[in-house]
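Listing of structure_1.cif, mmCIF, C-alpha atoms and all ligand atoms
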data_query
loop_
_atom_site.label_atom_id
_atom_site.label_comp_id
_atom_site.auth_asym_id
_atom_site.auth_seq_id
_atom_site.Cartn_x
_atom_site.Cartn_y
_atom_site.Cartn_z
CA MET K 1108 13.49 2.47 3.26
CA ILE K 1109 11.54 4.58 0.73
CA GLN K 1110 12.64 8.11 0.04
CA LEU K 1111 10.83 10.63 -2.12
CA ILE K 1112 13.02 13.54 -3.14
CA ASP K 1113 11.53 16.74 -4.56
CA ILE K 1114 8.67 14.88 -6.18
CA GLU K 1115 6.50 16.77 -8.64
CA LYS K 1116 3.65 15.05 -10.44
CA VAL K 1117 1.76 16.83 -13.17
CA TYR K 1118 -1.04 15.19 -15.16
CA ARG K 1119 -1.36 16.80 -18.59
CA THR K 1120 -4.11 16.43 -21.11
CA LYS K 1121 -4.52 18.64 -24.22
CA THR K 1122 -6.43 21.28 -22.29
CA ILE K 1123 -5.87 20.67 -18.60
CA GLU K 1124 -2.79 20.55 -16.44
CA THR K 1125 -3.18 19.22 -12.90
CA VAL K 1126 -0.40 19.45 -10.37
CA ALA K 1127 -1.11 16.38 -8.24
CA LEU K 1128 2.06 16.56 -6.12
CA HIS K 1129 4.28 19.55 -5.50
CA ARG K 1130 7.76 19.45 -3.93
CA VAL K 1131 7.13 16.37 -1.88
CA ASN K 1132 10.05 15.24 0.28
CA LEU K 1133 9.35 12.25 2.42
CA HIS K 1134 11.48 9.55 3.96
CA VAL K 1135 9.60 6.53 5.24
CA GLU K 1136 11.88 4.69 7.65
CA ARG K 1137 11.94 0.95 8.17
CA GLY K 1138 9.42 -0.13 10.82
CA GLU K 1139 7.26 2.99 10.64
CA PHE K 1140 3.47 2.88 10.36
CA VAL K 1141 2.65 6.09 8.51
CA SER K 1142 -0.84 7.36 7.87
CA ILE K 1143 -1.63 9.87 5.15
CA MET K 1144 -4.70 12.07 5.44
CA GLY K 1145 -6.14 14.85 3.34
CA PRO K 1146 -9.20 15.83 1.32
CA SER K 1147 -10.23 14.05 -1.87
CA GLY K 1148 -8.06 15.03 -4.82
CA CYS K 1149 -5.07 16.19 -2.76
CA GLY K 1150 -2.74 13.60 -4.27
CA LYS K 1151 -2.80 10.71 -1.80
CA SER K 1152 -3.31 7.92 -4.36
CA THR K 1153 -0.77 9.49 -6.69
CA LEU K 1154 1.71 9.52 -3.80
CA LEU K 1155 1.09 5.86 -3.02
CA ASN K 1156 1.38 4.88 -6.69
CA ILE K 1157 4.73 6.67 -6.95
CA MET K 1158 5.99 5.12 -3.71
CA GLY K 1159 4.89 1.72 -4.98
CA LEU K 1160 6.77 2.21 -8.27
CA LEU K 1161 3.49 1.91 -10.16
CA ASP K 1162 3.79 5.42 -11.53
CA GLU K 1163 6.72 7.76 -12.26
CA PRO K 1164 7.04 11.32 -11.00
CA THR K 1165 7.24 14.16 -13.53
CA SER K 1166 10.39 15.31 -11.74
CA GLY K 1167 12.28 14.42 -8.60
CA HIS K 1168 13.18 10.87 -7.72
CA VAL K 1169 12.42 7.84 -5.63
CA ALA K 1170 15.06 5.85 -3.76
CA ILE K 1171 14.57 2.43 -2.24
CA ASP K 1172 17.10 1.52 0.46
CA GLY K 1173 19.22 4.45 -0.68
CA GLN K 1174 19.26 3.36 -4.34
CA PRO K 1175 17.64 5.75 -6.83
CA VAL K 1176 15.27 3.81 -9.08
CA LYS K 1177 15.21 6.34 -11.92
CA THR K 1178 17.54 4.42 -14.21
CA HIS K 1179 16.02 1.01 -13.54
CA SER K 1180 14.51 -0.85 -16.47
CA ASP K 1181 10.82 -1.75 -16.32
CA SER K 1182 11.69 -5.36 -15.52
CA LYS K 1183 13.99 -4.33 -12.68
CA LEU K 1184 11.26 -2.05 -11.30
CA ALA K 1185 8.75 -4.89 -11.51
CA LYS K 1186 11.17 -7.16 -9.66
CA LEU K 1187 11.72 -4.61 -6.88
CA ARG K 1188 7.99 -4.05 -6.58
CA ASN K 1189 7.28 -7.75 -6.50
CA GLU K 1190 9.97 -8.50 -3.90
CA LYS K 1191 9.59 -5.58 -1.52
CA ILE K 1192 6.11 -4.11 -1.76
CA GLY K 1193 2.65 -5.40 -0.93
CA PHE K 1194 -0.46 -3.47 -2.05
CA VAL K 1195 -3.84 -3.31 -0.36
CA PHE K 1196 -6.67 -1.35 -2.02
CA GLN K 1197 -10.01 -0.06 -0.79
CA SER K 1198 -11.86 -2.24 -3.28
CA TYR K 1199 -9.84 -5.44 -2.53
CA HIS K 1200 -8.95 -6.25 -6.17
CA LEU K 1201 -9.49 -9.98 -5.72
CA ILE K 1202 -10.03 -12.35 -8.63
CA TYR K 1203 -13.59 -13.51 -8.17
CA ASP K 1204 -13.36 -16.85 -9.98
CA LEU K 1205 -10.35 -17.99 -7.96
CA SER K 1206 -10.62 -19.45 -4.47
CA VAL K 1207 -9.27 -17.57 -1.45
CA VAL K 1208 -6.05 -19.58 -1.31
CA ASP K 1209 -5.49 -19.28 -5.08
CA ASN K 1210 -5.89 -15.50 -4.81
CA VAL K 1211 -3.29 -15.39 -2.06
CA GLU K 1212 -0.85 -17.48 -4.14
CA LEU K 1213 -1.01 -15.04 -7.07
CA PRO K 1214 2.02 -12.85 -6.23
CA LEU K 1215 4.12 -16.00 -5.82
CA LEU K 1216 3.29 -17.13 -9.36
CA TYR K 1217 5.48 -14.31 -10.65
CA ARG K 1218 8.44 -15.66 -8.74
CA ASN K 1219 9.94 -19.07 -9.17
CA VAL K 1220 8.18 -20.53 -6.15
CA SER K 1221 7.15 -24.19 -6.47
CA GLY K 1222 3.47 -25.16 -6.25
CA SER K 1223 3.74 -26.81 -2.84
CA ASP K 1224 5.75 -23.93 -1.42
CA ARG K 1225 3.22 -21.44 -2.81
CA ARG K 1226 0.40 -23.28 -1.09
CA LYS K 1227 2.33 -23.44 2.20
CA ARG K 1228 3.12 -19.72 2.17
CA ALA K 1229 -0.45 -18.80 1.19
CA LEU K 1230 -1.86 -20.86 4.06
CA GLU K 1231 0.58 -19.24 6.50
CA ALA K 1232 -0.48 -15.79 5.30
CA LEU K 1233 -4.16 -16.71 5.68
CA GLU K 1234 -3.48 -17.91 9.20
CA LYS K 1235 -1.96 -14.51 10.07
CA VAL K 1236 -5.19 -12.78 9.10
CA GLY K 1237 -7.40 -15.36 10.85
CA LEU K 1238 -8.87 -16.89 7.70
CA SER K 1239 -7.67 -20.48 7.95
CA ALA K 1240 -11.28 -21.69 7.91
CA ARG K 1241 -12.08 -19.98 4.59
CA THR K 1242 -9.29 -21.05 2.25
CA LYS K 1243 -11.52 -22.92 -0.23
CA HIS K 1244 -14.24 -20.26 -0.30
CA PHE K 1245 -14.66 -17.84 -3.17
CA PRO K 1246 -14.48 -14.08 -2.58
CA ASN K 1247 -18.22 -13.53 -3.14
CA GLN K 1248 -18.92 -15.94 -0.26
CA LEU K 1249 -17.11 -13.62 2.17
CA SER K 1250 -17.94 -10.40 4.00
CA GLY K 1251 -16.17 -7.19 3.03
CA GLY K 1252 -13.89 -7.45 6.05
CA GLN K 1253 -12.98 -11.02 5.15
CA ARG K 1254 -12.30 -9.99 1.55
CA GLN K 1255 -9.94 -7.31 2.78
CA ARG K 1256 -8.22 -9.89 4.99
CA VAL K 1257 -7.69 -12.05 1.88
CA ALA K 1258 -6.18 -9.02 0.14
CA ILE K 1259 -3.85 -8.47 3.10
CA ALA K 1260 -2.88 -12.16 3.09
CA ARG K 1261 -2.13 -11.86 -0.63
CA ALA K 1262 0.17 -8.91 0.11
CA LEU K 1263 1.81 -10.88 2.95
CA ALA K 1264 2.41 -14.02 0.87
CA GLY K 1265 5.11 -12.16 -1.00
CA ASN K 1266 6.82 -11.41 2.34
CA PRO K 1267 6.99 -7.68 1.61
CA GLU K 1268 9.15 -5.20 3.52
CA ILE K 1269 6.53 -2.52 3.09
CA ILE K 1270 2.76 -2.54 2.70
CA LEU K 1271 1.07 0.34 0.88
CA ALA K 1272 -2.62 0.50 1.75
CA ASP K 1273 -5.02 2.89 -0.02
CA GLU K 1274 -8.02 3.38 2.28
CA PRO K 1275 -8.04 -0.27 3.38
CA THR K 1276 -11.03 0.28 5.67
CA GLY K 1277 -12.89 2.69 3.39
CA ASN K 1278 -15.57 0.23 2.29
CA LEU K 1279 -16.03 -1.39 5.70
CA ASP K 1280 -18.26 -0.70 8.68
CA SER K 1281 -16.54 0.37 11.87
CA VAL K 1282 -16.33 -3.12 13.42
CA MET K 1283 -14.76 -4.69 10.34
CA GLY K 1284 -12.59 -1.61 9.88
CA GLU K 1285 -11.23 -2.05 13.41
CA GLU K 1286 -10.43 -5.70 12.67
CA ILE K 1287 -8.42 -4.73 9.61
CA MET K 1288 -6.66 -1.98 11.55
CA ASP K 1289 -5.78 -4.46 14.33
CA ILE K 1290 -4.22 -6.80 11.78
CA LEU K 1291 -2.14 -3.98 10.28
CA LEU K 1292 -1.04 -2.80 13.74
CA ARG K 1293 -0.01 -6.33 14.69
CA LEU K 1294 1.99 -6.77 11.45
CA ASN K 1295 3.78 -3.53 12.15
CA GLN K 1296 4.45 -4.14 15.84
CA GLU K 1297 5.18 -7.86 15.83
CA GLU K 1298 6.72 -8.43 12.42
CA GLY K 1299 8.23 -5.01 11.87
CA THR K 1300 6.51 -4.55 8.51
CA THR K 1301 6.67 -0.94 7.36
CA ILE K 1302 3.21 0.35 6.45
CA VAL K 1303 1.98 3.46 4.67
CA MET K 1304 -1.79 3.83 4.83
CA VAL K 1305 -4.07 6.42 3.27
CA THR K 1306 -7.14 6.92 5.44
CA HIS K 1307 -10.05 9.29 5.97
CA ASP K 1308 -10.51 7.99 9.48
CA GLU K 1309 -8.85 10.19 12.08
CA ASN K 1310 -9.19 7.54 14.81
CA MET K 1311 -7.33 4.98 12.74
CA ALA K 1312 -4.67 7.52 11.78
CA LEU K 1313 -4.06 8.34 15.44
CA LYS K 1314 -3.20 4.69 16.12
CA THR K 1315 -0.25 4.81 13.70
CA ASN K 1316 3.13 6.20 14.69
CA ARG K 1317 3.37 8.99 12.15
CA LEU K 1318 0.60 11.11 10.66
CA ILE K 1319 1.19 13.18 7.53
CA ARG K 1320 -1.42 15.56 6.22
CA PHE K 1321 -1.67 16.63 2.59
CA PHE K 1322 -3.47 19.54 1.03
CA ASP K 1323 -3.41 20.42 -2.68
CA GLY K 1324 -0.49 18.11 -3.45
CA GLN K 1325 1.70 19.29 -0.60
CA GLN K 1326 2.56 18.05 2.85
CA VAL K 1327 1.12 20.50 5.35
CA ALA K 1328 1.90 18.57 8.53
CA ASP K 1329 4.05 15.65 9.59
CA SER K 1330 3.85 14.49 13.19
CA ARG K 1331 7.53 13.51 13.03
CA VAL K 1332 8.88 16.70 11.53
CA LEU K 1333 8.50 20.25 12.81
CA GLU K 1334 6.21 22.10 10.44
CA ALA K 1335 8.88 24.75 9.89
CA GLN K 1336 11.13 22.15 8.32
CA ILE K 1337 8.69 21.09 5.62
P1 LIG K 1401 -6.56 11.58 -3.77
O1 LIG K 1401 -6.07 10.15 -3.76
O2 LIG K 1401 -6.04 12.40 -2.64
O3 LIG K 1401 -8.05 11.66 -3.91
P2 LIG K 1401 -5.36 11.66 -6.41
O4 LIG K 1401 -3.92 11.35 -6.23
O5 LIG K 1401 -6.24 10.57 -6.90
O6 LIG K 1401 -5.94 12.29 -5.08
O7 LIG K 1401 -5.48 12.88 -7.42
C1 LIG K 1401 -4.76 14.11 -7.26
C2 LIG K 1401 -5.13 15.06 -8.40
O8 LIG K 1401 -4.66 14.56 -9.63
C3 LIG K 1401 -6.63 15.25 -8.56
O9 LIG K 1401 -6.87 16.59 -8.91
C4 LIG K 1401 -7.00 14.32 -9.67
O10 LIG K 1401 -8.11 14.78 -10.37
C5 LIG K 1401 -5.74 14.35 -10.54
N1 LIG K 1401 -5.51 13.08 -11.23
C6 LIG K 1401 -5.31 11.87 -10.65
N2 LIG K 1401 -5.09 10.92 -11.57
C7 LIG K 1401 -5.16 11.55 -12.79
C8 LIG K 1401 -5.01 11.12 -14.14
N3 LIG K 1401 -4.73 9.85 -14.45
N4 LIG K 1401 -5.12 12.06 -15.11
C9 LIG K 1401 -5.38 13.34 -14.82
N5 LIG K 1401 -5.53 13.82 -13.57
C10 LIG K 1401 -5.42 12.94 -12.56
P1 LIG K 1402 -10.06 3.43 -4.74
O1 LIG K 1402 -9.16 3.58 -3.52
O2 LIG K 1402 -10.59 4.74 -5.27
O3 LIG K 1402 -11.09 2.35 -4.63
P2 LIG K 1402 -8.42 1.56 -6.02
O4 LIG K 1402 -8.07 1.02 -4.69
O5 LIG K 1402 -9.28 0.77 -6.93
O6 LIG K 1402 -9.07 2.99 -5.88
O7 LIG K 1402 -7.09 1.91 -6.81
C1 LIG K 1402 -6.21 2.92 -6.40
C2 LIG K 1402 -5.18 3.17 -7.50
O8 LIG K 1402 -4.32 2.03 -7.69
C3 LIG K 1402 -5.79 3.44 -8.86
O9 LIG K 1402 -5.03 4.47 -9.46
C4 LIG K 1402 -5.65 2.15 -9.62
O10 LIG K 1402 -5.48 2.39 -11.00
C5 LIG K 1402 -4.39 1.54 -9.03
N1 LIG K 1402 -4.48 0.08 -8.94
C6 LIG K 1402 -5.49 -0.61 -8.42
N2 LIG K 1402 -5.24 -1.93 -8.45
C7 LIG K 1402 -4.05 -2.08 -8.99
C8 LIG K 1402 -3.21 -3.21 -9.27
N3 LIG K 1402 -3.59 -4.46 -8.98
N4 LIG K 1402 -2.02 -3.02 -9.85
C9 LIG K 1402 -1.64 -1.77 -10.15
N5 LIG K 1402 -2.37 -0.66 -9.90
C10 LIG K 1402 -3.55 -0.80 -9.32
#
The structure given in the file should be rewritten as structure tokens.
Amino acid sequence: MIQLIDIEKVYRTKTIETVALHRVNLHVERGEFVSIMGPSGCGKSTLLNIMGLLDEPTSGHVAIDGQPVKTHSDSKLAKLRNEKIGFVFQSYHLIYDLSVVDNVELPLLYRNVSGSDRRKRALEALEKVGLSARTKHFPNQLSGGQRQRVAIARALAGNPEIILADEPTGNLDSVMGEEIMDILLRLNQEEGTTIVMVTHDENMALKTNRLIRFFDGQQVADSRVLEAQI
């Protein structure tokens, strides 16, 4: 589904050079629920941004469904991202002066989806996250857990093949965190959505079907691969 081949990411300023990712090889298969763990600064967000085609590696390449994306134009990359990938962030990234349902419709605005169809798909997505009773609310009228459910519904409205989630439960207490995790597990198990989730929570990571640990920009463990092979 998404393949990272010999990825190197170096951030350079005039005086500092930071190697954020070093020789990363990773193949996320369709239907997997992968969790990524590691200390702050080890490259997890950089990894997710590269997987999500939001950022380019310094060297190495990314392939989606076996097709290298290196030569794609920006508009083709944007199209791939829009059609295949849903993003969920720790801090929700909702638009606070739009209602819940309008937030969820946003990714469909970039496609040629008619107004009535947008509304229908947004309402379906909100139903999947148990928020049918809050569609006309505004984000600041919701709890953190509900806000994150809106963000998940927004990702789902685009009918993505893969969801990339950067610490989706990081701002939530344990009860709300569990609710979000249950929704992600259900999407993976019942709808077959591929998920890659960065988390600091070992208990959540252990519920996924593949746990990869990073340290200093490198994979140091992958529950699916023998360590000797990394
Ligand atoms: P994590 O998500 O694991 O906390 P990041 O991917 O955010 O790690 O960062 C990895 C490393 O790259 C860190 O040392 C960080 O300081 C550095 N880094 C991240 N983004 C930038 C940037 N835009 N410019 C320079 N350095 C960056
Ligand atoms: P944190 O997990 O530290 O709260 P965020 O979730 O806000 O960080 O964002 C994680 C990364 O994704 C950042 O590098 C940010 O620039 C990028 N990002 C956040 N929102 C978007 C977006 N809507 N589109 C593209 N990139 C985004």
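Residues of protein, DNA and RNA with at least one atom no farther than 12 Å from (-2.4, 5.8, 18.2) are, using only C-alpha atoms, Phe1140, Val1141, Ser1142, Met1288, Asp1289, Leu1292, Glu1309, Asn1310, Met1311, Ala1312, Leu1313, Lys1314, Thr1315, Asn1316, Arg1317, Leu1318 and Ser1330 of chain K.
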Could you save those same residues with C-alpha atoms as a CSV table (one decimal), in the frame of the given file?
chain,number,residue,atom,x,y,z
K,1140,PHE,CA,3.5,2.9,10.4
K,1141,VAL,CA,2.6,6.1,8.5
K,1142,SER,CA,-0.8,7.4,7.9
K,1288,MET,CA,-6.7,-2.0,11.6
K,1289,ASP,CA,-5.8,-4.5,14.3
K,1292,LEU,CA,-1.0,-2.8,13.7
K,1309,GLU,CA,-8.8,10.2,12.1
K,1310,ASN,CA,-9.2,7.5,14.8
K,1311,MET,CA,-7.3,5.0,12.7
K,1312,ALA,CA,-4.7,7.5,11.8
K,1313,LEU,CA,-4.1,8.3,15.4
K,1314,LYS,CA,-3.2,4.7,16.1
K,1315,THR,CA,-0.2,4.8,13.7
K,1316,ASN,CA,3.1,6.2,14.7
K,1317,ARG,CA,3.4,9.0,12.2
K,1318,LEU,CA,0.6,11.1,10.7
K,1330,SER,CA,3.8,14.5,13.2
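Around K:Gly1299, within 9 Å and counting only C-alpha atoms, the residues found are Arg1137, Gly1138, Glu1139, Glu1268, Arg1293 and Leu1294 of chain K, once anything fewer than 5 positions away on its own chain is removed.
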Give me the residues of chain K that have any atom at most 12 Å from an atom of ligand LIG 1402 (chain K); for each, the nearest atom pair and the distance in Å, rounded to one decimal. Use all atoms listed in the file, sort by chain and number, and format it as a Markdown table.
| residue | atom | partner | partner_atom | distance |
| --- | --- | --- | --- | --- |
| K:Ser1147 | CA | K:LIG1402 | O2 | 9.9 |
| K:Gly1148 | CA | K:LIG1402 | O2 | 10.6 |
| K:Gly1150 | CA | K:LIG1402 | O9 | 10.7 |
| K:Lys1151 | CA | K:LIG1402 | C1 | 9.7 |
| K:Ser1152 | CA | K:LIG1402 | C2 | 6.0 |
| K:Thr1153 | CA | K:LIG1402 | O9 | 7.1 |
| K:Leu1154 | CA | K:LIG1402 | C2 | 10.1 |
| K:Leu1155 | CA | K:LIG1402 | O8 | 8.1 |
| K:Asn1156 | CA | K:LIG1402 | O8 | 6.5 |
| K:Ile1157 | CA | K:LIG1402 | O8 | 10.2 |
| K:Met1158 | CA | K:LIG1402 | O8 | 11.5 |
| K:Gly1159 | CA | K:LIG1402 | C9 | 9.0 |
| K:Leu1160 | CA | K:LIG1402 | C9 | 9.5 |
| K:Leu1161 | CA | K:LIG1402 | C9 | 6.3 |
| K:Asp1162 | CA | K:LIG1402 | N5 | 8.8 |
| K:Ala1185 | CA | K:LIG1402 | C9 | 10.9 |
| K:Arg1188 | CA | K:LIG1402 | C9 | 10.5 |
| K:Asn1189 | CA | K:LIG1402 | N4 | 11.0 |
| K:Ile1192 | CA | K:LIG1402 | N4 | 11.5 |
| K:Gly1193 | CA | K:LIG1402 | N3 | 10.2 |
| K:Phe1194 | CA | K:LIG1402 | N3 | 7.7 |
| K:Val1195 | CA | K:LIG1402 | O4 | 7.4 |
| K:Phe1196 | CA | K:LIG1402 | O4 | 3.8 |
| K:Gln1197 | CA | K:LIG1402 | O4 | 4.5 |
| K:Ser1198 | CA | K:LIG1402 | O3 | 4.8 |
| K:Tyr1199 | CA | K:LIG1402 | O4 | 7.0 |
| K:His1200 | CA | K:LIG1402 | N2 | 6.1 |
| K:Leu1201 | CA | K:LIG1402 | N3 | 8.7 |
| K:Ile1202 | CA | K:LIG1402 | N3 | 10.2 |
| K:Leu1213 | CA | K:LIG1402 | N3 | 11.1 |
| K:Pro1214 | CA | K:LIG1402 | N3 | 10.5 |
| K:Gln1255 | CA | K:LIG1402 | O4 | 11.3 |
| K:Ala1258 | CA | K:LIG1402 | N3 | 10.5 |
| K:Arg1261 | CA | K:LIG1402 | N3 | 11.3 |
| K:Ala1262 | CA | K:LIG1402 | N3 | 10.8 |
| K:Leu1271 | CA | K:LIG1402 | O8 | 10.3 |
| K:Ala1272 | CA | K:LIG1402 | O4 | 8.5 |
| K:Asp1273 | CA | K:LIG1402 | O1 | 5.5 |
| K:Glu1274 | CA | K:LIG1402 | O1 | 5.9 |
| K:Pro1275 | CA | K:LIG1402 | O1 | 8.0 |
| K:Thr1276 | CA | K:LIG1402 | O1 | 9.9 |
| K:Gly1277 | CA | K:LIG1402 | O1 | 7.9 |
| K:Asn1278 | CA | K:LIG1402 | O3 | 8.5 |
| K:Met1304 | CA | K:LIG1402 | O1 | 11.1 |
| K:Val1305 | CA | K:LIG1402 | O1 | 8.9 |
| K:Thr1306 | CA | K:LIG1402 | O1 | 9.8 |
| K:His1307 | CA | K:LIG1402 | O1 | 11.1 |
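Checking K:Leu1216, K:Leu1128, K:Gly1251, K:Val1207 one by one against K:Leu1230, counting all atoms listed in the file, you find the shortest gap at K:Val1207.
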Selected residue of minimal separation from ligand LIG 1401 (chain K) among K:Ala1240, K:Ile1302, K:Met1144, K:Ile1259, counting only C-alpha atoms and all ligand atoms: K:Met1144
